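S.K.: Contents of upload-v7.txt (compact mmCIF, C-alpha atoms) are below:
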# COMPACT_ATOMS: atom_id res chain seq x y z
CA MET A 1 19.57 175.93 -144.87
CA SER A 2 17.75 173.09 -146.48
CA PRO A 3 14.10 172.59 -147.38
CA HIS A 4 12.02 170.11 -145.46
CA ILE A 5 11.54 167.05 -147.65
CA SER A 6 10.28 163.77 -146.33
CA ILE A 7 9.86 160.80 -148.62
CA LYS A 8 7.06 159.30 -146.57
CA GLY A 9 4.14 160.58 -144.58
CA GLU A 10 5.06 161.54 -141.03
CA THR A 11 3.21 160.43 -137.93
CA VAL A 12 1.35 163.32 -136.36
CA PHE A 13 -0.19 161.44 -133.44
CA GLU A 14 -1.22 157.95 -132.48
CA ILE A 15 -4.58 156.46 -131.59
CA LEU A 16 -4.22 153.23 -129.60
CA GLY A 17 -0.83 152.64 -131.13
CA PHE A 18 -2.16 153.16 -134.63
CA PRO A 19 -0.06 155.89 -136.23
CA ILE A 20 -2.02 158.71 -137.86
CA THR A 21 0.13 160.28 -140.55
CA ASN A 22 -0.40 163.65 -142.14
CA SER A 23 -1.31 161.97 -145.44
CA PHE A 24 -3.95 159.92 -143.67
CA ILE A 25 -5.60 163.02 -142.24
CA ILE A 26 -5.94 164.62 -145.63
CA THR A 27 -7.16 161.38 -147.18
CA ILE A 28 -9.97 161.35 -144.62
CA LEU A 29 -10.79 164.94 -145.56
CA VAL A 30 -10.81 163.97 -149.22
CA VAL A 31 -13.18 161.11 -148.48
CA PHE A 32 -15.53 163.51 -146.70
CA LEU A 33 -15.39 165.95 -149.62
CA PHE A 34 -15.99 163.08 -152.03
CA SER A 35 -19.04 161.91 -150.06
CA PHE A 36 -20.34 165.44 -149.85
CA ILE A 37 -20.10 165.89 -153.62
CA ALA A 38 -21.72 162.52 -154.22
CA ARG A 39 -24.58 163.39 -151.85
CA TYR A 40 -25.05 166.77 -153.51
CA TYR A 41 -25.21 165.15 -156.91
CA TYR A 42 -27.69 162.55 -155.69
CA GLN A 43 -29.95 165.19 -154.14
CA GLU A 44 -29.87 167.39 -157.19
CA ILE A 45 -30.62 164.61 -159.65
CA GLN A 46 -33.97 163.99 -157.97
CA LYS A 47 -35.15 167.57 -158.24
CA GLU A 48 -37.21 169.01 -161.02
CA LYS A 49 -35.19 172.22 -161.28
CA ARG A 50 -31.49 171.54 -161.02
CA SER A 51 -28.71 173.94 -160.17
CA LEU A 52 -25.80 174.98 -162.33
CA GLY A 53 -23.31 173.07 -160.18
CA PHE A 54 -25.15 169.88 -160.94
CA TYR A 55 -24.74 170.39 -164.66
CA GLY A 56 -21.05 171.14 -164.23
CA LEU A 57 -20.57 167.87 -162.37
CA HIS A 58 -22.79 166.06 -164.80
CA ALA A 59 -20.75 167.24 -167.78
CA MET A 60 -17.61 165.86 -166.16
CA PHE A 61 -19.25 162.51 -165.44
CA VAL A 62 -20.59 162.21 -168.97
CA GLY A 63 -17.24 163.15 -170.48
CA LEU A 64 -15.51 160.50 -168.41
CA TYR A 65 -18.21 158.01 -169.36
CA GLY A 66 -17.60 158.64 -173.05
CA MET A 67 -13.88 158.18 -172.56
CA PHE A 68 -14.38 154.79 -170.92
CA GLU A 69 -16.90 153.85 -173.57
CA SER A 70 -14.18 154.12 -176.21
CA VAL A 71 -12.16 151.51 -174.32
CA LEU A 72 -14.77 149.19 -172.80
CA SER A 73 -17.53 149.60 -175.43
CA SER A 74 -20.72 147.85 -174.25
CA LYS A 75 -19.50 146.80 -170.79
CA VAL A 76 -18.90 150.36 -169.63
CA THR A 77 -21.96 150.54 -167.35
CA ILE A 78 -20.64 147.69 -165.20
CA PHE A 79 -17.21 149.18 -164.60
CA TYR A 80 -18.04 152.86 -164.59
CA SER A 81 -18.80 153.02 -160.87
CA LEU A 82 -15.40 151.62 -159.93
CA LEU A 83 -13.35 153.54 -162.49
CA GLY A 84 -15.20 156.80 -161.97
CA SER A 85 -14.70 156.62 -158.21
CA PHE A 86 -11.03 155.90 -158.81
CA PHE A 87 -10.71 158.92 -161.04
CA PHE A 88 -12.35 161.41 -158.75
CA PHE A 89 -10.71 160.11 -155.59
CA ILE A 90 -7.25 160.23 -157.18
CA LEU A 91 -7.93 163.62 -158.69
CA LEU A 92 -9.00 165.09 -155.36
CA SER A 93 -6.07 163.43 -153.59
CA ASN A 94 -3.61 164.80 -156.15
CA TRP A 95 -4.97 168.29 -155.89
CA SER A 96 -5.24 168.19 -152.12
CA GLY A 97 -1.47 168.54 -151.93
CA LEU A 98 -1.65 171.83 -153.82
CA VAL A 99 -4.13 173.60 -151.57
CA PRO A 100 -2.42 176.53 -149.81
CA GLY A 101 -1.65 175.55 -146.24
CA VAL A 102 -1.05 171.90 -146.99
CA GLY A 103 2.60 171.27 -146.28
CA SER A 104 3.22 174.76 -144.94
CA ILE A 105 1.34 174.54 -141.64
CA LEU A 106 3.87 173.01 -139.28
CA ILE A 107 3.26 171.37 -135.92
CA LYS A 108 5.27 169.54 -133.36
CA PRO A 109 4.47 165.85 -133.47
CA GLN A 110 3.02 164.29 -130.34
CA VAL A 111 5.01 161.10 -130.67
CA HIS A 112 8.67 160.94 -129.76
CA SER A 113 10.59 161.34 -132.96
CA GLU A 114 14.36 161.47 -133.27
CA GLU A 115 14.63 165.18 -132.66
CA VAL A 116 11.73 165.99 -130.39
CA SER A 117 12.38 165.25 -126.77
CA GLU A 118 9.28 166.48 -124.97
CA VAL A 119 5.67 165.89 -125.80
CA ALA A 120 4.26 169.15 -127.05
CA GLU A 121 0.76 170.25 -127.75
CA THR A 122 -0.35 170.29 -131.35
CA VAL A 123 -0.31 174.00 -131.78
CA PRO A 124 -0.33 175.12 -135.37
CA LEU A 125 2.59 177.43 -134.89
CA ALA A 126 3.57 179.02 -138.11
CA ASN A 127 1.44 179.37 -141.18
CA ILE A 128 4.22 180.24 -143.53
CA GLU A 129 2.91 182.38 -146.32
CA GLU A 130 4.63 182.34 -149.65
CA LYS A 131 6.29 185.66 -149.16
CA ASP A 132 7.54 185.11 -145.63
CA ASP A 133 11.19 185.72 -145.03
CA GLN A 134 13.34 182.64 -144.91
CA LYS A 135 14.76 183.37 -141.51
CA GLU A 136 11.56 182.26 -139.87
CA GLU A 137 11.31 179.22 -142.10
CA LYS A 138 14.80 178.20 -141.10
CA GLU A 139 14.20 178.24 -137.41
CA VAL A 140 10.87 176.47 -137.82
CA HIS A 141 12.44 173.68 -139.84
CA GLY A 142 15.29 173.32 -137.45
CA THR A 143 13.14 172.33 -134.48
CA GLY A 144 11.84 168.99 -135.67
CA LYS A 145 8.40 170.17 -136.68
CA ILE A 146 6.48 168.38 -139.36
CA PRO A 147 3.75 169.52 -141.74
CA LEU A 148 0.25 168.93 -140.42
CA LEU A 149 -1.11 168.01 -143.82
CA ARG A 150 0.41 166.33 -146.83
CA GLY A 151 -1.02 165.43 -150.22
CA GLY A 152 -2.93 162.15 -150.14
CA THR A 153 -1.18 160.45 -153.04
CA ALA A 154 2.22 161.84 -152.04
CA ASP A 155 2.40 158.86 -149.70
CA LEU A 156 3.33 155.45 -151.06
CA ASN A 157 0.81 153.66 -148.82
CA THR A 158 -2.15 155.35 -150.49
CA THR A 159 -1.00 154.58 -154.01
CA ILE A 160 -0.14 150.96 -153.20
CA ALA A 161 -3.61 150.54 -151.73
CA LEU A 162 -5.16 151.99 -154.88
CA ALA A 163 -3.00 149.78 -157.10
CA LEU A 164 -3.92 146.68 -155.06
CA VAL A 165 -7.63 147.47 -155.36
CA SER A 166 -7.28 148.00 -159.09
CA VAL A 167 -5.37 144.77 -159.76
CA PHE A 168 -7.57 142.75 -157.39
CA MET A 169 -10.76 144.00 -159.02
CA THR A 170 -9.30 143.20 -162.44
CA GLN A 171 -8.76 139.61 -161.32
CA LEU A 172 -12.23 139.47 -159.80
CA TYR A 173 -13.87 140.68 -163.00
CA GLY A 174 -11.79 138.18 -164.94
CA PHE A 175 -13.15 135.36 -162.79
CA LYS A 176 -16.67 136.74 -163.04
CA PHE A 177 -16.82 137.15 -166.80
CA LEU A 178 -14.75 134.23 -168.06
CA GLY A 179 -15.42 131.76 -165.27
CA PRO A 180 -12.68 130.31 -163.07
CA ILE A 181 -11.38 127.93 -165.74
CA GLY A 182 -11.43 130.48 -168.52
CA HIS A 183 -9.59 133.00 -166.43
CA LEU A 184 -6.97 130.65 -165.00
CA LYS A 185 -6.29 129.36 -168.50
CA LYS A 186 -4.58 132.67 -169.18
CA TYR A 187 -1.90 131.82 -166.64
CA PHE A 188 -1.74 128.04 -166.64
CA ASP A 189 -2.24 126.53 -170.06
CA PHE A 190 -0.28 123.40 -170.75
CA ARG A 191 -1.69 122.50 -174.11
CA ASP A 192 0.73 124.30 -176.32
CA PRO A 193 4.39 125.02 -175.58
CA ILE A 194 4.22 128.75 -176.11
CA MET A 195 1.56 129.22 -173.45
CA ILE A 196 3.60 127.18 -170.99
CA MET A 197 6.24 129.88 -171.25
CA LEU A 198 3.92 132.87 -171.49
CA GLY A 199 1.59 131.92 -168.64
CA PRO A 200 4.04 132.49 -165.77
CA LEU A 201 5.18 135.65 -167.49
CA GLU A 202 1.63 137.01 -167.31
CA LEU A 203 1.52 136.05 -163.66
CA VAL A 204 4.67 138.06 -163.01
CA GLN A 205 3.18 140.91 -164.98
CA GLU A 206 0.26 141.13 -162.57
CA PHE A 207 2.67 141.86 -159.72
CA ALA A 208 4.73 144.23 -161.81
CA ARG A 209 1.48 146.05 -162.53
CA ILE A 210 0.94 146.78 -158.84
CA ILE A 211 4.41 148.28 -158.52
CA SER A 212 4.12 150.25 -161.72
CA PHE A 213 0.69 151.65 -160.80
CA ALA A 214 1.82 152.61 -157.32
CA PHE A 215 5.15 154.16 -158.20
CA ARG A 216 3.91 156.06 -161.22
CA LEU A 217 1.27 157.90 -159.22
CA TYR A 218 3.40 158.36 -156.11
CA GLY A 219 6.46 159.44 -158.08
CA ASN A 220 4.64 162.04 -160.11
CA ILE A 221 2.86 163.65 -157.21
CA PHE A 222 5.82 163.50 -154.85
CA ALA A 223 8.14 164.85 -157.55
CA GLY A 224 5.76 167.76 -158.01
CA GLU A 225 5.80 168.43 -154.30
CA VAL A 226 9.61 168.33 -154.20
CA LEU A 227 9.75 170.62 -157.22
CA LEU A 228 7.49 173.19 -155.59
CA THR A 229 9.60 173.01 -152.43
CA ILE A 230 12.96 173.26 -154.15
CA VAL A 231 12.28 175.99 -156.71
CA PRO A 232 12.01 178.87 -154.20
CA PHE A 233 15.41 177.93 -152.83
CA LEU A 234 16.98 178.01 -156.26
CA LEU A 235 15.57 181.40 -157.20
CA PRO A 236 14.28 183.32 -154.19
CA VAL A 237 13.95 186.68 -155.93
CA PHE A 238 11.33 186.12 -158.62
CA PHE A 239 9.63 183.60 -156.42
CA SER A 240 6.01 183.88 -157.48
CA PHE A 241 6.80 184.35 -161.15
CA VAL A 242 8.53 180.99 -161.21
CA VAL A 243 6.22 179.09 -158.93
CA ALA A 244 2.93 180.11 -160.55
CA PRO A 245 3.58 178.26 -163.86
CA MET A 246 4.93 175.29 -161.92
CA PHE A 247 1.77 175.30 -159.86
CA LEU A 248 -0.38 175.24 -162.97
CA MET A 249 1.72 172.41 -164.34
CA GLU A 250 1.24 170.43 -161.13
CA ILE A 251 -2.52 170.85 -161.43
CA PHE A 252 -2.27 169.54 -164.97
CA VAL A 253 -0.02 166.64 -163.91
CA GLY A 254 -2.49 165.69 -161.18
CA LEU A 255 -5.29 165.53 -163.75
CA VAL A 256 -3.21 163.57 -166.26
CA GLN A 257 -2.01 161.07 -163.69
CA ALA A 258 -5.55 160.43 -162.44
CA LEU A 259 -6.57 159.92 -166.07
CA VAL A 260 -3.63 157.61 -166.74
CA PHE A 261 -4.45 155.50 -163.72
CA VAL A 262 -8.07 154.94 -164.68
CA MET A 263 -7.37 154.50 -168.38
CA LEU A 264 -4.78 151.82 -167.62
CA SER A 265 -7.21 150.15 -165.23
CA ALA A 266 -9.89 150.26 -167.92
CA VAL A 267 -7.56 148.71 -170.50
CA PHE A 268 -6.47 145.95 -168.12
CA ILE A 269 -10.06 145.22 -167.10
CA ASN A 270 -11.03 145.09 -170.76
CA MET A 271 -8.19 142.64 -171.39
CA ALA A 272 -9.26 140.53 -168.42
CA VAL A 273 -12.93 140.24 -169.36
CA SER A 274 -12.55 139.59 -173.08
CA HIS A 275 -11.79 136.24 -174.65
CA HIS A 276 -8.62 135.77 -176.61
CA MET B 1 29.77 159.87 -153.33
CA ARG B 2 26.08 159.78 -152.59
CA LEU B 3 25.53 162.99 -154.53
CA PHE B 4 27.40 161.41 -157.42
CA ALA B 5 25.15 158.35 -157.29
CA THR B 6 22.06 160.55 -157.18
CA ALA B 7 23.22 162.58 -160.16
CA LEU B 8 24.05 159.45 -162.14
CA ALA B 9 20.74 157.78 -161.32
CA ILE B 10 18.61 160.66 -162.50
CA GLY B 11 20.95 161.75 -165.29
CA LEU B 12 21.20 158.36 -166.96
CA GLY B 13 17.64 157.46 -166.12
CA VAL B 14 16.03 160.28 -168.05
CA ILE B 15 17.90 159.66 -171.33
CA GLY B 16 15.49 156.97 -172.47
CA PRO B 17 12.27 158.78 -171.51
CA ALA B 18 13.60 161.96 -173.12
CA LEU B 19 14.07 160.16 -176.42
CA GLY B 20 10.69 158.51 -175.96
CA VAL B 21 8.81 161.73 -175.33
CA GLY B 22 10.57 163.34 -178.28
CA LEU B 23 9.55 160.49 -180.54
CA ILE B 24 5.97 160.60 -179.29
CA GLY B 25 5.76 164.33 -179.93
CA SER B 26 7.29 164.12 -183.39
CA LYS B 27 5.02 161.27 -184.44
CA ALA B 28 1.98 163.10 -183.10
CA MET B 29 2.96 166.17 -185.12
CA GLU B 30 3.38 163.98 -188.17
CA ALA B 31 -0.03 162.44 -187.66
CA LEU B 32 -1.51 165.90 -187.15
CA GLY B 33 0.06 167.07 -190.41
CA ARG B 34 -1.43 164.17 -192.28
CA ASN B 35 -4.85 164.39 -190.70
CA PRO B 36 -5.58 167.76 -189.09
CA GLU B 37 -9.24 166.90 -188.39
CA ALA B 38 -8.22 164.28 -185.83
CA GLU B 39 -6.65 166.83 -183.53
CA ALA B 40 -8.59 166.01 -180.34
CA PRO B 41 -8.01 162.22 -180.26
CA ILE B 42 -4.38 162.68 -181.28
CA ARG B 43 -3.83 165.16 -178.49
CA THR B 44 -5.46 162.91 -175.90
CA THR B 45 -3.52 159.81 -176.89
CA MET B 46 -0.31 161.81 -177.18
CA ILE B 47 -0.65 163.14 -173.65
CA LEU B 48 -1.41 159.65 -172.35
CA ALA B 49 1.58 158.15 -174.17
CA ALA B 50 3.83 160.96 -173.00
CA ALA B 51 2.67 160.36 -169.43
CA PHE B 52 3.62 156.70 -169.75
CA ALA B 53 7.07 157.57 -171.09
CA GLU B 54 7.42 160.15 -168.37
CA SER B 55 6.60 157.62 -165.69
CA ILE B 56 9.89 155.84 -166.49
CA ALA B 57 11.69 159.08 -165.76
CA ILE B 58 9.66 159.32 -162.56
CA PHE B 59 10.91 155.87 -161.53
CA ALA B 60 14.47 157.13 -161.99
CA LEU B 61 13.56 160.20 -159.95
CA VAL B 62 12.13 158.06 -157.15
CA VAL B 63 15.31 155.99 -157.10
CA ALA B 64 17.39 159.17 -157.02
CA LEU B 65 15.33 160.59 -154.16
CA ILE B 66 15.62 157.35 -152.24
CA ILE B 67 19.39 157.43 -152.67
CA LYS B 68 19.48 161.05 -151.60
CA PHE B 69 17.18 160.99 -148.59
CA VAL B 70 16.65 157.46 -147.34
CA VAL B 71 19.62 155.14 -147.88
Can the structure from this file be put into structure tokens for me?

M.R.:
Amino acid sequence: MSPHISIKGETVFEILGFPITNSFIITILVVFLFSFIARYYYQEIQKEKRSLGFYGLHAMFVGLYGMFESVLSSKVTIFYSLLGSFFFFILLSNWSGLVPGVGSILIKPQVHSEEVSEVAETVPLANIEEKDDQKEEKEVHGTGKIPLLRGGTADLNTTIALALVSVFMTQLYGFKFLGPIGHLKKYFDFRDPIMIMLGPLELVQEFARIISFAFRLYGNIFAGEVLLTIVPFLLPVFFSFVVAPMFLMEIFVGLVQALVFVMLSAVFINMAVSHH
Amino acid sequence: MRLFATALAIGLGVIGPALGVGLIGSKAMEALGRNPEAEAPIRTTMILAAAFAESIAIFALVVALIIKFVV
């Protein structure tokens, strides 16, 4: 018996040949939740008497704002919209993989995968609760079923997209604030010999940044998912006693990784928009 | 053989980050001992630095998982 671990998001169904993976579905849900929260905040801010939820959200936004202010100082208002959206989207995506039901609701995929021969309906067959006996889990895993939902950032595509947006926006802000010549001078400066050597190195660093951003986030979240899957198999008896602290740690890791992503973005943006 | 490669990848890969996280923690404690009022900023920066050091270990983990499940 082995746990079901997939390193990438699995295709649940296809629309016009465009594969819809389980990570994609939950990312769409996260986007809806994100928009809903944003709309709620916008509606509340215009009222005279505001609700308690508004102040909770507001405290988080202000705290984040102060944190960016320590890095970006006076330019924080320009970049806050981008970095704040990054933070809350990544945070929600990280935590979406921890919601009960995500990863444990299994379905038969509609597309022909290696094990599935006939096209089956997407019936959510088994909602495996934590305490379910492993006999059922075994036979469910053996029949080529895949989880319906999967954490948003537990898929490399999502994190690479986020990393690309971050690095691209850094370049864009560099062009905007220093001008094309001032920005390109960081990479191609032929006036002194040291910069001739260092310029290409910085260019390489921009690409290394994409990989490092993407793999840090993906690795952390995916490792957490693997951990939560593996631990019950190592110690089935005191299952919930072991998993509960791990679960709390994964919540913490999700928060820290979202924070790390935006703080790094903030530092790189600050480096890009300031003169040497 | 593949299990061996997986074990080596993760086992050797986490040596450096382990030392790094240990150093970060010890230096943070030292700084806290010198200046106990600065607890909040020290904690924040320590967690950030530890997350960076940890991300190297996560790279090793990703490589190990790729060896185990994909290649």

S.K.: Per residue of chain B within 9 Å of chain A, record the nearest atom pair and its distance in Å to one decimal, counting only C-alpha atoms, with rows in chain order and ascending residue number, as a tab-separated table.

M.R.:
residue	atom	partner	partner_atom	distance
B:Ile47	CA	A:Val256	CA	7.8
B:Leu48	CA	A:Val260	CA	6.4
B:Ala51	CA	A:Val260	CA	7.4
B:Phe52	CA	A:Val260	CA	7.9
B:Glu54	CA	A:Asn220	CA	8.9
B:Ser55	CA	A:Arg216	CA	5.4
B:Ile56	CA	A:Arg216	CA	8.0
B:Ile58	CA	A:Gly219	CA	5.5
B:Phe59	CA	A:Gly219	CA	6.7
B:Leu61	CA	A:Gly219	CA	7.4
B:Val62	CA	A:Gly219	CA	5.9
B:Leu65	CA	A:Ile7	CA	7.8
B:Ile66	CA	A:Ile7	CA	7.6
B:Phe69	CA	A:Ile7	CA	7.3
B:Val70	CA	A:Ile7	CA	7.7

S.K.: Would you kindly return, as a PyMOL selection string, each protein, DNA or RNA residue with an atom no farther than 8 Å from any atom of region 5-22 of chain B, considering only C-alpha atoms and excluding same-chain residues fewer than 4 positions away?

M.R.: chain B and resi 1+26+50+53-54+56-57+60-61+63-65+67-68

S.K.: Can you measure CA of Leu106 (chain A) to CA of Val12 (chain A) for me? One decimal in Å is fine.

M.R.: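 So the answer is 10.4 Å.
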
S.K.: Give me, please, the distance in Å between CA of Leu227 (chain A) and CA of Thr159 (chain A), quoted to one decimal.

M.R.: 19.6 Å

S.K.: Rounded to one decimal in Å, what is the spacing between CA of Gly97 (chain A) and CA of Ile210 (chain A)?

M.R.: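 Between CA of Gly97 (chain A) and CA of Ile210 (chain A) the gap is 23.0 Å.
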
S.K.: As lines of an AutoDock Vina configuration file, what would the box around region 47-62 of chain B look like: edges along x, y and z, 4 Å added on every side, centre and edge lengths in Å to one decimal?

M.R.:
center_x = 6.5
center_y = 159.5
center_z = -165.7
size_x = 23.9
size_y = 15.3
size_z = 25.0

S.K.: Quick one: residues within 12 Å of region 38-43 of chain B, all atoms listed in the file counted, chain neighbours fewer than 4 positions away excluded, as a PyMOL selection string?

M.R.: (chain A and resi 67+70) or (chain B and resi 24-34+47-50)

S.K.: Just the residues within 9 Å of Phe79 (chain A), please, counting only C-alpha atoms, with nothing from its chain fewer than 6 positions along; format it as a list in words.

M.R.: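 The residues that qualify are Phe68, Leu72, Ala266 and Ile269 of chain A.
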
S.K.: Please list as a list in words every residue within 9 Å of Val242 (chain A), counting only C-alpha atoms and excluding residues in the same chain fewer than 5 positions away.

M.R.: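 Near Val242 (chain A), the qualifying residues are Val231, Pro232, Leu235 and Phe247 of chain A.
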
S.K.: Could you save the residues just selected, with C-alpha atoms, as an mmCIF file, keeping the file's coordinate frame?

M.R.:
data_model
loop_
_atom_site.group_PDB
_atom_site.id
_atom_site.type_symbol
_atom_site.label_atom_id
_atom_site.label_comp_id
_atom_site.auth_asym_id
_atom_site.auth_seq_id
_atom_site.Cartn_x
_atom_site.Cartn_y
_atom_site.Cartn_z
ATOM 1 C CA VAL A 231 12.280 175.990 -156.710
ATOM 2 C CA PRO A 232 12.010 178.870 -154.200
ATOM 3 C CA LEU A 235 15.570 181.400 -157.200
ATOM 4 C CA PHE A 247 1.770 175.300 -159.860
#

S.K.: At a cut-off of 10 Å, using only C-alpha atoms, what residues contact Asn157 (chain A)? Leave out same-chain residues fewer than 3 positions from it and give the result as a count of residues only.

M.R.: 13

S.K.: Measuring between only C-alpha atoms, which one of A:Met60, A:Ile230, A:Val167, A:Val99 shows the shortest distance to Ile251 (chain A)?

M.R.: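 Of the candidates, the smallest distance to Ile251 (chain A) is held by A:Val99.
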
S.K.: From the set A:Ala272, A:Leu228, A:Val237, A:Leu164, which residue has the shortest atom-to-atom contact distance to Lys176 (chain A), counting only C-alpha atoms?

M.R.: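 Smallest separation from Lys176 (chain A) among the options: A:Ala272.
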
S.K.: Return region 39-50 of chain B, completed with N, CA and C atoms, as a JSON list (two decimals), in the coordinates of the input.

M.R.:
[["chain", "number", "residue", "atom", "x", "y", "z"],
["B", 39, "GLU", "N", -7.53, 166.19, -184.50],
["B", 39, "GLU", "CA", -6.65, 166.83, -183.53],
["B", 39, "GLU", "C", -6.95, 166.36, -182.10],
["B", 40, "ALA", "N", -8.24, 166.31, -181.73],
["B", 40, "ALA", "CA", -8.59, 166.01, -180.34],
["B", 40, "ALA", "C", -8.15, 164.60, -179.91],
["B", 41, "PRO", "N", -8.49, 163.55, -180.67],
["B", 41, "PRO", "CA", -8.01, 162.22, -180.26],
["B", 41, "PRO", "C", -6.49, 162.10, -180.27],
["B", 42, "ILE", "N", -5.84, 162.75, -181.24],
["B", 42, "ILE", "CA", -4.38, 162.68, -181.28],
["B", 42, "ILE", "C", -3.79, 163.33, -180.04],
["B", 43, "ARG", "N", -4.37, 164.48, -179.66],
["B", 43, "ARG", "CA", -3.83, 165.16, -178.49],
["B", 43, "ARG", "C", -4.00, 164.30, -177.23],
["B", 44, "THR", "N", -5.19, 163.72, -177.09],
["B", 44, "THR", "CA", -5.46, 162.91, -175.90],
["B", 44, "THR", "C", -4.50, 161.73, -175.81],
["B", 45, "THR", "N", -4.40, 161.00, -176.92],
["B", 45, "THR", "CA", -3.52, 159.81, -176.89],
["B", 45, "THR", "C", -2.07, 160.22, -176.74],
["B", 46, "MET", "N", -1.70, 161.36, -177.32],
["B", 46, "MET", "CA", -0.31, 161.81, -177.18],
["B", 46, "MET", "C", 0.02, 162.12, -175.73],
["B", 47, "ILE", "N", -0.91, 162.80, -175.06],
["B", 47, "ILE", "CA", -0.65, 163.14, -173.65],
["B", 47, "ILE", "C", -0.57, 161.88, -172.81],
["B", 48, "LEU", "N", -1.46, 160.91, -173.09],
["B", 48, "LEU", "CA", -1.41, 159.65, -172.35],
["B", 48, "LEU", "C", -0.08, 158.94, -172.58],
["B", 49, "ALA", "N", 0.33, 158.85, -173.86],
["B", 49, "ALA", "CA", 1.58, 158.15, -174.17],
["B", 49, "ALA", "C", 2.77, 158.87, -173.55],
["B", 50, "ALA", "N", 2.73, 160.20, -173.60],
["B", 50, "ALA", "CA", 3.83, 160.96, -173.00],
["B", 50, "ALA", "C", 3.88, 160.75, -171.49]]
